[in-house]
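A.B. asks: This is the content of start_28.txt (compact mmCIF, C-alpha atoms):
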```
# COMPACT_ATOMS: atom_id res chain seq x y z
CA MET U 7 3.54 -4.94 -20.03
CA GLU U 8 -0.26 -4.98 -19.94
CA ALA U 9 -2.50 -5.91 -16.99
CA THR U 10 -5.86 -6.02 -18.80
CA GLY U 11 -7.37 -9.48 -18.59
CA LYS U 12 -4.47 -10.77 -16.48
CA LYS U 13 -4.52 -12.28 -13.00
CA ALA U 14 -2.36 -10.14 -10.71
CA LEU U 15 -1.08 -10.97 -7.23
CA VAL U 16 -0.59 -7.90 -5.02
CA PHE U 17 1.68 -8.30 -1.97
CA GLY U 18 0.63 -6.02 0.89
CA THR U 19 -2.75 -4.67 1.99
CA GLY U 20 -1.74 -1.19 3.14
CA ILE U 21 -2.58 1.99 1.23
CA SER U 22 -0.07 1.18 -1.51
CA GLY U 23 -1.32 -2.38 -1.96
CA THR U 24 -5.00 -1.49 -1.98
CA GLY U 25 -4.26 1.41 -4.32
CA ALA U 26 -2.49 -0.99 -6.70
CA ALA U 27 -5.39 -3.45 -6.51
CA LYS U 28 -7.96 -0.78 -7.36
CA LEU U 29 -5.85 0.49 -10.26
CA LEU U 30 -5.58 -3.08 -11.58
CA ARG U 31 -9.34 -3.55 -11.33
CA ALA U 32 -9.83 -0.32 -13.29
CA GLN U 33 -7.77 -2.04 -16.01
CA LYS U 34 -10.07 -5.10 -15.91
CA ALA U 35 -7.48 -7.33 -14.28
CA GLU U 36 -8.38 -10.05 -11.76
CA VAL U 37 -6.71 -9.35 -8.42
CA ILE U 38 -5.47 -11.51 -5.58
CA LEU U 39 -4.61 -9.29 -2.62
CA TYR U 40 -2.23 -11.04 -0.22
CA ASP U 41 -0.97 -10.32 3.28
CA GLY U 42 1.16 -12.61 5.44
CA ASN U 43 -0.72 -11.49 8.56
CA GLU U 44 -3.19 -14.31 9.23
CA ASP U 45 -5.14 -12.02 11.63
CA LEU U 46 -5.94 -9.58 8.81
CA ASP U 47 -9.53 -8.25 8.93
CA LYS U 48 -10.49 -9.62 5.51
CA GLU U 49 -14.15 -8.64 5.80
CA ARG U 50 -13.32 -4.98 6.36
CA LEU U 51 -10.87 -5.05 3.45
CA ARG U 52 -13.43 -6.76 1.22
CA GLU U 53 -15.95 -4.00 1.99
CA SER U 54 -13.48 -1.38 0.70
CA PHE U 55 -13.69 -3.09 -2.71
CA GLY U 56 -17.49 -3.18 -2.69
CA ARG U 57 -17.33 -6.98 -2.45
CA ASP U 58 -15.95 -7.10 -5.97
CA GLU U 59 -15.94 -10.79 -6.98
CA LYS U 60 -12.82 -10.26 -9.09
CA VAL U 61 -10.82 -9.41 -5.95
CA GLU U 62 -9.70 -12.38 -3.86
CA ILE U 63 -8.17 -11.70 -0.44
CA ILE U 64 -5.73 -14.18 1.09
CA ALA U 65 -4.07 -13.89 4.52
CA GLY U 66 -1.46 -16.09 6.16
CA GLU U 67 0.32 -18.72 4.09
CA LEU U 68 0.37 -18.21 0.31
CA PRO U 69 -1.31 -21.20 -1.43
CA GLU U 70 0.96 -23.24 -3.69
CA ARG U 71 -1.68 -23.20 -6.45
CA LEU U 72 -1.03 -19.51 -7.15
CA PHE U 73 2.42 -20.19 -8.61
CA GLY U 74 0.77 -21.57 -11.74
CA GLU U 75 -2.15 -19.13 -11.85
CA VAL U 76 -0.85 -15.57 -11.69
CA ASP U 77 0.42 -13.55 -14.66
CA LEU U 78 1.87 -10.61 -12.73
CA VAL U 79 3.13 -9.83 -9.21
CA ILE U 80 2.94 -6.33 -7.70
CA LEU U 81 4.98 -5.54 -4.57
CA SER U 82 4.08 -2.86 -2.04
CA PRO U 83 7.16 -0.83 -0.98
CA GLY U 84 7.35 -2.51 2.42
CA VAL U 85 7.70 -6.00 0.90
CA PRO U 86 11.34 -7.08 0.36
CA ALA U 87 11.98 -8.01 -3.26
CA ASP U 88 14.23 -10.92 -2.22
CA LEU U 89 11.66 -12.90 -0.22
CA PRO U 90 11.94 -16.62 -1.12
CA VAL U 91 8.34 -16.73 -2.36
CA ILE U 92 8.98 -13.78 -4.69
CA CYS U 93 12.22 -15.30 -5.96
CA LYS U 94 10.25 -18.46 -6.68
CA MET U 95 7.74 -16.41 -8.70
CA ARG U 96 10.55 -14.92 -10.76
CA GLU U 97 12.05 -18.36 -11.36
CA ALA U 98 8.64 -19.46 -12.66
CA GLY U 99 8.82 -16.65 -15.22
CA VAL U 100 6.23 -14.40 -13.57
CA PRO U 101 7.00 -10.64 -13.98
CA VAL U 102 7.52 -8.95 -10.60
CA ILE U 103 7.15 -5.15 -10.39
CA GLY U 104 6.51 -2.57 -7.69
CA GLU U 105 3.51 -0.29 -7.30
CA THR U 106 5.55 2.63 -8.69
CA GLU U 107 6.06 0.80 -11.98
CA LEU U 108 2.35 -0.09 -12.11
CA ALA U 109 1.34 3.54 -11.51
CA TYR U 110 3.76 4.74 -14.18
CA MET U 111 2.30 2.24 -16.68
CA TYR U 112 -1.18 3.78 -16.36
CA GLY U 113 -0.55 7.33 -15.13
CA LYS U 114 -0.48 10.10 -17.75
CA GLY U 115 1.44 13.35 -18.08
CA ASP U 116 4.94 14.23 -16.91
CA VAL U 117 6.87 12.99 -13.88
CA LEU U 118 9.33 14.86 -11.66
CA ALA U 119 10.89 12.42 -9.18
CA ILE U 120 13.13 12.86 -6.14
CA THR U 121 15.13 10.34 -4.13
CA GLY U 122 17.99 10.41 -1.61
CA THR U 123 18.49 9.37 1.98
CA ASN U 124 17.45 12.68 3.54
CA GLY U 125 15.55 15.76 2.43
CA LYS U 126 13.17 13.97 0.04
CA THR U 127 9.96 15.11 1.72
CA THR U 128 11.00 18.76 2.03
CA THR U 129 12.23 18.87 -1.58
CA THR U 130 9.15 17.07 -2.91
CA THR U 131 6.76 19.29 -0.97
CA LEU U 132 8.47 22.48 -2.16
CA LEU U 133 8.63 21.29 -5.76
CA GLY U 134 4.95 20.35 -5.55
CA GLU U 135 4.11 23.89 -4.41
CA ILE U 136 6.17 25.39 -7.26
CA MET U 137 4.45 23.19 -9.84
CA LYS U 138 0.97 23.93 -8.44
CA ASN U 139 1.67 27.65 -8.68
CA TYR U 140 2.76 27.05 -12.29
CA LYS U 141 0.17 24.52 -13.47
CA GLY U 142 -2.78 24.80 -11.08
CA ASP U 143 -4.77 21.82 -9.85
CA ASP U 144 -3.46 19.23 -12.34
CA VAL U 145 -0.43 18.46 -10.14
CA PHE U 146 -0.23 15.31 -8.01
CA VAL U 147 2.31 15.02 -5.17
CA VAL U 148 2.71 11.26 -4.75
CA GLY U 149 4.87 8.36 -3.61
CA ASN U 150 6.75 7.93 -0.36
CA ILE U 151 5.28 11.21 0.89
CA GLY U 152 2.09 9.36 1.88
CA ASN U 153 -0.15 9.67 -1.20
CA PRO U 154 0.21 6.41 -3.20
CA TYR U 155 1.11 6.95 -6.84
CA THR U 156 -1.31 4.16 -7.78
CA VAL U 157 -4.25 6.05 -6.23
CA ALA U 158 -3.49 9.23 -8.20
CA ALA U 159 -2.62 7.51 -11.51
CA GLY U 160 -6.23 6.96 -12.55
CA LYS U 161 -7.01 10.67 -12.19
CA MET U 162 -4.17 11.92 -14.38
CA THR U 163 -4.47 13.47 -17.84
CA GLU U 164 -1.89 14.23 -20.51
CA ARG U 165 -1.51 17.70 -18.92
CA SER U 166 -0.87 16.33 -15.43
CA ILE U 167 2.38 16.53 -13.53
CA ALA U 168 3.30 13.94 -10.90
CA VAL U 169 5.82 15.17 -8.34
CA ALA U 170 7.00 11.91 -6.81
CA GLU U 171 9.01 11.18 -3.68
CA MET U 172 10.73 7.86 -4.36
CA SER U 173 12.27 5.60 -1.72
CA SER U 174 14.88 2.95 -2.43
CA PHE U 175 12.15 0.37 -1.79
CA GLN U 176 10.05 1.82 -4.61
CA LEU U 177 12.94 2.20 -7.03
CA GLU U 178 14.42 -1.29 -6.72
CA THR U 179 11.52 -2.80 -8.69
CA ILE U 180 11.12 -0.35 -11.58
CA VAL U 181 11.29 -1.50 -15.20
CA THR U 182 10.24 1.37 -17.51
CA PHE U 183 9.76 4.22 -15.01
CA ARG U 184 11.27 7.32 -16.60
CA PRO U 185 10.93 10.79 -15.03
CA ASN U 186 11.23 13.90 -17.19
CA VAL U 187 13.33 15.41 -14.40
CA SER U 188 14.86 13.42 -11.54
CA ALA U 189 17.03 14.26 -8.55
CA ILE U 190 19.23 12.33 -6.12
CA LEU U 191 19.89 14.43 -3.02
CA ASN U 192 22.45 12.42 -1.02
CA TYR U 193 23.64 8.96 0.01
CA THR U 194 24.10 8.01 3.65
CA PRO U 195 23.69 4.57 5.27
CA ASP U 196 20.02 3.69 5.78
CA HIS U 197 17.73 0.68 5.41
CA LEU U 198 20.71 -1.69 5.45
CA ASP U 199 18.48 -4.20 7.23
CA ARG U 200 16.57 -4.37 3.92
CA HIS U 201 19.27 -3.79 1.27
CA HIS U 202 22.07 -5.54 3.22
CA THR U 203 24.90 -3.51 1.62
CA MET U 204 25.50 0.16 0.92
CA GLU U 205 26.21 -0.70 -2.72
CA ALA U 206 22.78 -2.30 -3.14
CA TYR U 207 21.12 0.68 -1.43
CA ILE U 208 22.86 3.20 -3.71
CA ALA U 209 22.12 1.10 -6.80
CA ALA U 210 18.41 1.20 -5.94
CA LYS U 211 18.54 5.00 -5.62
CA GLU U 212 20.36 5.36 -8.94
CA ASN U 213 17.56 3.46 -10.70
CA ILE U 214 15.65 6.75 -10.72
CA ALA U 215 17.74 7.89 -13.73
CA ARG U 216 18.26 4.49 -15.35
CA ASN U 217 15.73 4.96 -18.16
CA GLN U 218 16.18 8.69 -18.74
CA THR U 219 17.25 9.87 -22.21
CA GLU U 220 18.97 12.93 -23.64
CA LYS U 221 15.59 14.74 -23.52
CA ASP U 222 15.49 14.43 -19.72
CA TYR U 223 17.32 16.02 -16.78
CA CYS U 224 18.86 14.60 -13.62
CA VAL U 225 19.85 16.88 -10.73
CA LEU U 226 22.72 15.58 -8.58
CA ASN U 227 24.65 16.65 -5.48
CA TYR U 228 28.10 17.75 -6.67
CA GLU U 229 29.60 17.16 -3.23
CA GLU U 230 28.95 13.40 -3.47
CA GLU U 231 31.86 11.83 -5.37
CA ARG U 232 29.72 8.84 -6.34
CA MET U 233 27.21 11.20 -7.95
CA ARG U 234 29.85 12.99 -10.00
CA GLU U 235 30.86 9.56 -11.30
CA LEU U 236 27.19 8.73 -11.98
CA GLY U 237 26.73 12.02 -13.83
CA GLY U 238 29.41 10.99 -16.30
CA ARG U 239 27.56 7.76 -17.10
CA LEU U 240 24.02 9.03 -17.55
CA LYS U 241 22.43 9.50 -20.96
CA CYS U 242 20.30 12.42 -19.79
CA GLN U 243 21.36 16.04 -19.22
CA VAL U 244 22.93 16.49 -15.78
CA LEU U 245 22.72 19.55 -13.53
CA TYR U 246 24.45 19.74 -10.16
CA PHE U 247 23.75 21.59 -6.92
CA SER U 248 26.36 22.59 -4.36
CA SER U 249 26.43 24.40 -1.03
CA ARG U 250 30.26 24.61 -1.07
CA ARG U 251 31.41 25.90 -4.46
CA LYS U 252 30.39 27.79 -7.58
CA LEU U 253 29.39 25.66 -10.53
CA GLU U 254 29.64 26.23 -14.27
CA ARG U 255 26.21 24.69 -14.77
CA GLY U 256 23.56 24.09 -12.15
CA ILE U 257 22.74 25.83 -8.87
CA TYR U 258 24.96 26.81 -5.96
CA LEU U 259 25.28 28.78 -2.75
CA ASP U 260 27.45 31.88 -3.08
CA GLY U 261 27.64 33.39 0.40
CA GLU U 262 23.96 34.07 1.16
CA ASP U 263 22.92 34.01 -2.51
CA ILE U 264 21.35 30.99 -4.19
CA VAL U 265 22.46 31.26 -7.83
CA TYR U 266 21.15 29.27 -10.82
CA ARG U 267 23.31 29.10 -13.95
CA ASN U 268 22.09 27.32 -17.10
CA PRO U 269 23.65 28.96 -19.07
CA ASP U 270 22.70 32.46 -17.88
CA GLU U 271 23.30 33.34 -14.24
CA VAL U 272 20.25 34.25 -12.12
CA THR U 273 20.09 34.97 -8.39
CA VAL U 274 17.10 33.08 -7.04
CA CYS U 275 17.04 34.61 -3.54
CA ARG U 276 19.10 35.06 -0.38
CA THR U 277 19.08 32.47 2.37
CA SER U 278 17.90 35.14 4.80
CA GLN U 279 14.69 35.33 2.75
CA LEU U 280 13.91 31.65 3.39
CA GLN U 281 11.67 30.47 6.22
CA ILE U 282 13.48 27.15 6.75
CA LEU U 283 16.74 26.68 8.66
CA GLY U 284 20.06 25.00 7.94
CA THR U 285 22.44 24.29 5.07
CA HIS U 286 20.70 20.96 4.42
CA ASN U 287 17.50 22.89 3.76
CA TYR U 288 19.31 25.29 1.42
CA GLU U 289 20.40 22.18 -0.50
CA ASN U 290 16.79 20.95 -0.60
CA VAL U 291 15.69 24.35 -1.95
CA MET U 292 18.43 24.31 -4.59
CA ALA U 293 17.42 20.84 -5.78
CA ALA U 294 13.74 21.83 -6.08
CA VAL U 295 14.58 25.11 -7.84
CA CYS U 296 16.94 23.35 -10.25
CA MET U 297 14.33 20.74 -11.14
CA ALA U 298 11.61 23.33 -11.70
CA ALA U 299 13.88 25.57 -13.77
CA ALA U 300 15.03 22.61 -15.90
CA TYR U 301 11.37 21.76 -16.53
CA GLY U 302 10.76 25.32 -17.72
CA VAL U 303 9.00 27.03 -14.83
CA PRO U 304 9.51 30.84 -14.93
CA MET U 305 11.94 32.06 -12.27
CA ASP U 306 9.50 34.60 -10.79
CA ILE U 307 7.07 31.77 -9.91
CA ILE U 308 9.92 29.71 -8.44
CA ARG U 309 11.26 32.66 -6.44
CA ASP U 310 7.90 33.65 -4.93
CA THR U 311 7.11 30.05 -3.96
CA VAL U 312 10.48 29.45 -2.34
CA LYS U 313 10.22 32.59 -0.23
CA ALA U 314 6.75 31.63 1.01
CA PHE U 315 7.61 28.00 1.81
CA ARG U 316 7.41 27.19 5.52
CA GLY U 317 8.84 23.66 5.49
CA VAL U 318 7.17 20.36 6.34
CA GLU U 319 5.67 18.96 9.50
CA HIS U 320 7.94 16.79 11.68
CA ARG U 321 11.15 18.18 10.13
CA ILE U 322 12.80 20.57 12.63
CA GLU U 323 9.28 21.87 13.29
CA TYR U 324 8.95 24.50 16.01
CA VAL U 325 6.28 23.33 18.49
CA ALA U 326 6.12 25.75 21.41
CA GLU U 327 8.09 27.60 24.08
CA LYS U 328 7.44 26.51 27.66
CA SER U 329 9.13 28.23 30.62
CA GLY U 330 11.75 29.70 28.29
CA VAL U 331 12.52 26.34 26.62
CA ALA U 332 11.94 25.97 22.86
CA TYR U 333 10.64 22.56 21.69
CA TYR U 334 11.35 21.22 18.19
CA ASN U 335 9.82 18.18 16.51
CA ASP U 336 12.26 16.46 14.15
CA SER U 337 10.57 13.06 14.22
CA LYS U 338 11.46 12.66 10.55
CA GLY U 339 15.11 12.37 11.62
CA THR U 340 14.84 8.59 11.24
CA ASN U 341 18.55 7.90 10.63
CA PRO U 342 21.79 9.33 12.02
CA ASP U 343 22.54 11.60 9.04
CA ALA U 344 19.09 13.18 9.11
CA ALA U 345 19.40 13.66 12.87
CA ILE U 346 22.81 15.35 12.44
CA LYS U 347 21.07 18.01 10.36
CA GLY U 348 18.57 18.54 13.17
CA ILE U 349 21.39 19.12 15.66
CA ARG U 350 23.20 21.53 13.35
CA ALA U 351 20.05 23.63 13.00
CA MET U 352 19.82 24.23 16.76
CA GLU U 353 21.07 27.58 18.03
CA ARG U 354 20.63 26.91 21.78
CA PRO U 355 22.03 24.40 24.29
CA THR U 356 19.98 21.30 23.53
CA VAL U 357 18.41 18.39 25.38
CA LEU U 358 18.08 15.69 22.74
CA ILE U 359 15.62 12.77 22.63
CA GLY U 360 16.89 9.81 20.60
CA GLY U 361 16.33 6.12 20.01
CA GLY U 362 13.79 3.82 18.45
CA TYR U 363 13.88 0.93 15.98
CA ASP U 364 17.26 -0.46 14.93
CA LYS U 365 17.95 -0.27 11.17
CA ASP U 366 21.51 -1.58 11.62
CA ALA U 367 22.83 1.97 11.88
CA VAL U 368 26.05 3.22 13.49
CA TYR U 369 25.59 6.24 15.77
CA THR U 370 29.14 7.49 16.36
CA GLY U 371 28.94 10.15 13.63
CA TRP U 372 25.72 11.45 15.16
CA ILE U 373 27.28 11.61 18.63
CA GLU U 374 30.35 13.40 17.28
CA SER U 375 28.10 16.05 15.70
CA PHE U 376 26.92 17.13 19.16
CA ASP U 377 30.09 19.25 19.36
CA GLY U 378 29.29 20.65 22.82
CA LYS U 379 25.76 21.66 21.82
CA VAL U 380 23.93 18.68 23.39
CA LYS U 381 23.86 19.01 27.18
CA LYS U 382 21.84 15.82 27.80
CA LEU U 383 20.76 12.87 25.66
CA VAL U 384 17.56 11.08 26.67
CA LEU U 385 17.42 7.59 25.14
CA VAL U 386 14.33 5.44 24.58
CA GLY U 387 13.38 2.40 22.50
CA GLU U 388 15.21 -0.77 21.49
CA THR U 389 18.35 1.11 20.35
CA LYS U 390 18.97 2.97 23.60
CA GLU U 391 21.77 0.70 24.85
CA LYS U 392 23.37 0.46 21.39
CA ILE U 393 23.40 4.28 21.13
CA ALA U 394 24.77 4.56 24.67
CA ALA U 395 27.62 2.20 23.76
CA ASP U 396 28.48 4.36 20.72
CA ALA U 397 28.24 7.47 22.90
CA ARG U 398 30.80 6.04 25.34
CA LYS U 399 33.14 5.27 22.44
CA CYS U 400 32.99 8.98 21.58
CA GLY U 401 33.54 10.06 25.18
CA PHE U 402 29.95 11.32 25.63
CA THR U 403 28.41 10.15 28.91
CA ASP U 404 25.65 12.72 29.53
CA TYR U 405 22.85 10.32 28.67
CA VAL U 406 19.93 8.80 30.57
CA TYR U 407 17.40 6.06 29.76
CA ALA U 408 13.64 6.41 29.65
CA ASP U 409 11.24 3.47 29.71
CA THR U 410 8.50 5.10 27.64
CA PHE U 411 8.28 7.85 25.05
CA GLU U 412 6.16 10.02 27.34
CA GLU U 413 8.72 9.63 30.12
CA ALA U 414 11.48 10.62 27.69
CA VAL U 415 9.75 13.92 26.83
CA GLN U 416 9.02 14.68 30.49
CA MET U 417 12.64 13.91 31.47
CA ALA U 418 13.91 16.19 28.69
CA ALA U 419 11.69 18.99 29.98
CA ARG U 420 13.16 18.59 33.48
CA TYR U 421 16.76 18.70 32.22
CA ALA U 422 16.17 21.81 30.09
CA ALA U 423 16.73 25.28 31.54
CA PRO U 424 15.37 28.63 30.28
CA GLY U 425 17.20 29.50 27.06
CA ASP U 426 17.65 25.80 26.10
CA ALA U 427 15.97 23.75 23.39
CA VAL U 428 14.43 20.28 23.58
CA LEU U 429 14.79 18.45 20.28
CA LEU U 430 13.12 15.21 19.27
CA SER U 431 15.46 13.93 16.56
CA PRO U 432 15.68 10.18 17.21
CA ALA U 433 18.15 8.98 14.52
CA CYS U 434 15.96 5.86 14.39
CA ALA U 435 12.71 4.68 12.86
CA SER U 436 9.57 4.77 15.00
CA TRP U 437 8.54 1.13 14.49
CA GLY U 438 8.01 -0.82 17.68
CA MET U 439 6.66 2.24 19.52
CA PHE U 440 4.67 3.95 16.75
CA PRO U 441 3.39 2.94 13.30
CA ASN U 442 5.33 5.78 11.64
CA TYR U 443 7.31 8.94 12.34
CA GLU U 444 4.20 11.13 11.87
CA VAL U 445 2.40 9.49 14.79
CA ARG U 446 5.57 9.81 16.89
CA GLY U 447 5.81 13.52 16.03
CA GLU U 448 2.14 14.12 16.82
CA LYS U 449 2.55 12.41 20.19
CA PHE U 450 5.58 14.56 20.95
CA LYS U 451 3.62 17.74 20.17
CA GLU U 452 0.69 16.53 22.26
CA ILE U 453 2.92 15.91 25.29
CA VAL U 454 4.79 19.22 24.86
CA ASN U 455 1.56 21.21 24.60
CA SER U 456 0.30 19.56 27.80
CA LEU U 457 3.40 20.52 29.83
```
Here is the file; what I need is its structure written in the form of structure tokens.
C.D. replies:
Amino acid sequence: MEATGKKALVFGTGISGTGAAKLLRAQKAEVILYDGNEDLDKERLRESFGRDEKVEIIAGELPERLFGEVDLVILSPGVPADLPVICKMREAGVPVIGETELAYMYGKGDVLAITGTNGKTTTTTLLGEIMKNYKGDDVFVVGNIGNPYTVAAGKMTERSIAVAEMSSFQLETIVTFRPNVSAILNYTPDHLDRHHTMEAYIAAKENIARNQTEKDYCVLNYEEERMRELGGRLKCQVLYFSSRRKLERGIYLDGEDIVYRNPDEVTVCRTSQLQILGTHNYENVMAAVCMAAAYGVPMDIIRDTVKAFRGVEHRIEYVAEKSGVAYYNDSKGTNPDAAIKGIRAMERPTVLIGGGYDKDAVYTGWIESFDGKVKKLVLVGETKEKIAADARKCGFTDYVYADTFEEAVQMAARYAAPGDAVLLSPACASWGMFPNYEVRGEKFKEIVNSL
């Protein structure tokens, strides 16, 4: 597929959409940048393109004329691939791809890509640090982590390495995308409002390895039965990680030792030497180590980087201690499974702040994970009554409602006693109250530091 000289329609005007548009213009394509929001500030957007006459900006209703004009459609990750207008484009024979596929078409060098419901950002960040310590400045950490792949693609050389965090949204529209090393960390229900079924969600994740060949590697979680079945179907070489058992080939947790075996056995480090907490984080470390080792990074570079890694912001991030109460920001716990990991990492009686945007999740598993550790649950956002109903089903009634996020943090502070922890781990997306989990986490830290 070639964009040069073509007319391309880009859905979405966020950082991914504008990044795709600029990459297309670098390839001498004409661009129509579209957003359904009729109140879009088109003049400001036009300025960001230097008033390029080959970039047309349309907001509101999509004109019917475009169905016969465009040669290629590019979707930003936030745009559902099954929208009627997009289905109509496909029926008209117009190729529809995502911005990940576009970036891969024009980016150079090797690609190491990570997906999974939880742990993607931690694993991607750590792998990025390992690769930078190995290769220097020619490493680009891109994708769902906040740095659009399309923006970095034009800067890449044949020596470059892209370390890419891939969401299911980005993977459902790939065509030729083929990482040298990929990883799938886990599957738990998420984004079912977008994918509709768990099968469709998992299928999107598994696309990450769809085009890999026998020259490539895929790292999978041995404890996921579906992944063991996937491993038997893939053309590429498969390595597993496990926190529960020793493996013949791959990486595993043996007591406190993280051991890599392929085929020789090497102890990477002890968990006590890591600066991040919890079994889920040990799994993230194992996945990153396994990917780097499969790529050929020397173990001494991997080992030193892993020991120095301090984790990522908004993921069980220590904020402060106030009046003997420790505050932790786990705003990235945007679904029940991620939030379970936040609870399990706590070593004190905990006042938990939960709630937010409803992604059609079920919260009973999250409630059951409290296991006597959560002394009070402060609920906020549109899901608060739904979570409360699931809590009652589980026999947990120590919850209260807050009307605003600030009130929720202040209530949690009042319920916490010296020696307790206050944990923001909402089990929900931030939308409706905040534009993203980062802004929610920053607001939490701001309120805590003002207590």
A.B. asks: So that I can see what lies close to Ala109 of chain U, please list as a VMD selection string the residues with an atom at most 7 Å from it, counting all atoms listed in the file and leaving out residues fewer than 2 positions away in the same chain.
C.D. replies: chain U and resid 105 to 107 111 to 113 155 to 156 159
A.B. asks: Which residues are close to Phe55 of chain U, i.e. within 9 Å by all atoms listed in the file, leaving aside same-chain residues fewer than 3 positions away? Reply as an mmCIF file with C-alpha atoms, keeping the file's coordinate frame.
C.D. replies:
```cif
data_model
loop_
_atom_site.group_PDB
_atom_site.id
_atom_site.type_symbol
_atom_site.label_atom_id
_atom_site.label_comp_id
_atom_site.auth_asym_id
_atom_site.auth_seq_id
_atom_site.Cartn_x
_atom_site.Cartn_y
_atom_site.Cartn_z
ATOM 1 C CA THR U 24 -5.000 -1.490 -1.980
ATOM 2 C CA LYS U 28 -7.960 -0.780 -7.360
ATOM 3 C CA LEU U 51 -10.870 -5.050 3.450
ATOM 4 C CA ARG U 52 -13.430 -6.760 1.220
ATOM 5 C CA ASP U 58 -15.950 -7.100 -5.970
ATOM 6 C CA VAL U 61 -10.820 -9.410 -5.950
#
```
A.B. asks: Can you list every residue of segment 300-366 of chain U that has an atom at most 10 Å from segment 178-193 of chain U, with its nearest atom pair and the distance in Å to one decimal, using only C-alpha atoms, ordered by chain then number, as a tab-separated table?
C.D. replies:
```
residue	atom	partner	partner_atom	distance
U:Ala300	CA	U:Val187	CA	7.5
U:Tyr301	CA	U:Val187	CA	7.0
U:Asp343	CA	U:Tyr193	CA	9.5
```
A.B. asks: Considering only C-alpha atoms, state which residue in the set U:Leu385, U:Ile349, U:Val291, U:Leu39 is at the smallest distance from Trp372 of chain U.
C.D. replies: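 Distance minimum relative to Trp372 of chain U lands on U:Ile349.
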A.B. asks: Go through U:Gly371, U:Gly152, U:Pro86, U:Gly317 and flag the residue nearest Glu135 of chain U, using all atoms listed in the file for the distances.
C.D. replies: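 Closest candidate: U:Gly317.
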A.B. asks: When you draw a straight line from atom CA of Gly134 of chain U to atom CA of Phe146 of chain U, how long is it in Å?
C.D. replies: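 One can read the atom CA of Gly134 of chain U to atom CA of Phe146 of chain U distance as 7.6 Å.
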A.B. asks: My list of candidates is U:Gly18, U:Gly302, U:Gly99, U:Gly84. Which is closest to Lys141 of chain U when distances are computed with all atoms listed in the file?
C.D. replies: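 Among the listed residues, U:Gly302 lies closest to Lys141 of chain U.
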A.B. asks: Which neighbours of Leu118 of chain U fall inside 12 Å, counting all atoms listed in the file, when residues of the same chain fewer than 2 positions from it are skipped, and could you give them as an mmCIF file with C-alpha atoms, in the coordinates of the input?
C.D. replies:
```
data_model
loop_
_atom_site.group_PDB
_atom_site.id
_atom_site.type_symbol
_atom_site.label_atom_id
_atom_site.label_comp_id
_atom_site.auth_asym_id
_atom_site.auth_seq_id
_atom_site.Cartn_x
_atom_site.Cartn_y
_atom_site.Cartn_z
ATOM 1 C CA TYR U 110 3.760 4.740 -14.180
ATOM 2 C CA GLY U 115 1.440 13.350 -18.080
ATOM 3 C CA ASP U 116 4.940 14.230 -16.910
ATOM 4 C CA ILE U 120 13.130 12.860 -6.140
ATOM 5 C CA THR U 121 15.130 10.340 -4.130
ATOM 6 C CA THR U 129 12.230 18.870 -1.580
ATOM 7 C CA THR U 130 9.150 17.070 -2.910
ATOM 8 C CA THR U 131 6.760 19.290 -0.970
ATOM 9 C CA LEU U 133 8.630 21.290 -5.760
ATOM 10 C CA GLY U 134 4.950 20.350 -5.550
ATOM 11 C CA ILE U 136 6.170 25.390 -7.260
ATOM 12 C CA MET U 137 4.450 23.190 -9.840
ATOM 13 C CA VAL U 145 -0.430 18.460 -10.140
ATOM 14 C CA PHE U 146 -0.230 15.310 -8.010
ATOM 15 C CA VAL U 147 2.310 15.020 -5.170
ATOM 16 C CA VAL U 148 2.710 11.260 -4.750
ATOM 17 C CA GLY U 149 4.870 8.360 -3.610
ATOM 18 C CA SER U 166 -0.870 16.330 -15.430
ATOM 19 C CA ILE U 167 2.380 16.530 -13.530
ATOM 20 C CA ALA U 168 3.300 13.940 -10.900
ATOM 21 C CA VAL U 169 5.820 15.170 -8.340
ATOM 22 C CA ALA U 170 7.000 11.910 -6.810
ATOM 23 C CA GLU U 171 9.010 11.180 -3.680
ATOM 24 C CA MET U 172 10.730 7.860 -4.360
ATOM 25 C CA PHE U 183 9.760 4.220 -15.010
ATOM 26 C CA ARG U 184 11.270 7.320 -16.600
ATOM 27 C CA PRO U 185 10.930 10.790 -15.030
ATOM 28 C CA ASN U 186 11.230 13.900 -17.190
ATOM 29 C CA VAL U 187 13.330 15.410 -14.400
ATOM 30 C CA SER U 188 14.860 13.420 -11.540
ATOM 31 C CA ALA U 189 17.030 14.260 -8.550
ATOM 32 C CA ILE U 190 19.230 12.330 -6.120
ATOM 33 C CA ILE U 214 15.650 6.750 -10.720
ATOM 34 C CA ALA U 215 17.740 7.890 -13.730
ATOM 35 C CA GLN U 218 16.180 8.690 -18.740
ATOM 36 C CA ASP U 222 15.490 14.430 -19.720
ATOM 37 C CA TYR U 223 17.320 16.020 -16.780
ATOM 38 C CA CYS U 224 18.860 14.600 -13.620
ATOM 39 C CA VAL U 225 19.850 16.880 -10.730
ATOM 40 C CA ALA U 293 17.420 20.840 -5.780
ATOM 41 C CA ALA U 294 13.740 21.830 -6.080
ATOM 42 C CA CYS U 296 16.940 23.350 -10.250
ATOM 43 C CA MET U 297 14.330 20.740 -11.140
ATOM 44 C CA ALA U 298 11.610 23.330 -11.700
ATOM 45 C CA ALA U 299 13.880 25.570 -13.770
ATOM 46 C CA ALA U 300 15.030 22.610 -15.900
ATOM 47 C CA TYR U 301 11.370 21.760 -16.530
#
```
A.B. asks: What's around Phe73 of chain U at 12 Å? Count only C-alpha atoms, leave out sequence neighbours fewer than 2 positions away in its own chain, and write the answer as a list in words.
C.D. replies: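 These residues fall inside the cut-off: Lys13, Ala14, Leu15, Leu68, Pro69, Glu70, Arg71, Glu75, Val76, Asp77, Leu78, Val79, Val91, Ile92, Cys93, Lys94, Met95, Arg96, Glu97, Ala98, Gly99, Val100 and Pro101 of chain U.
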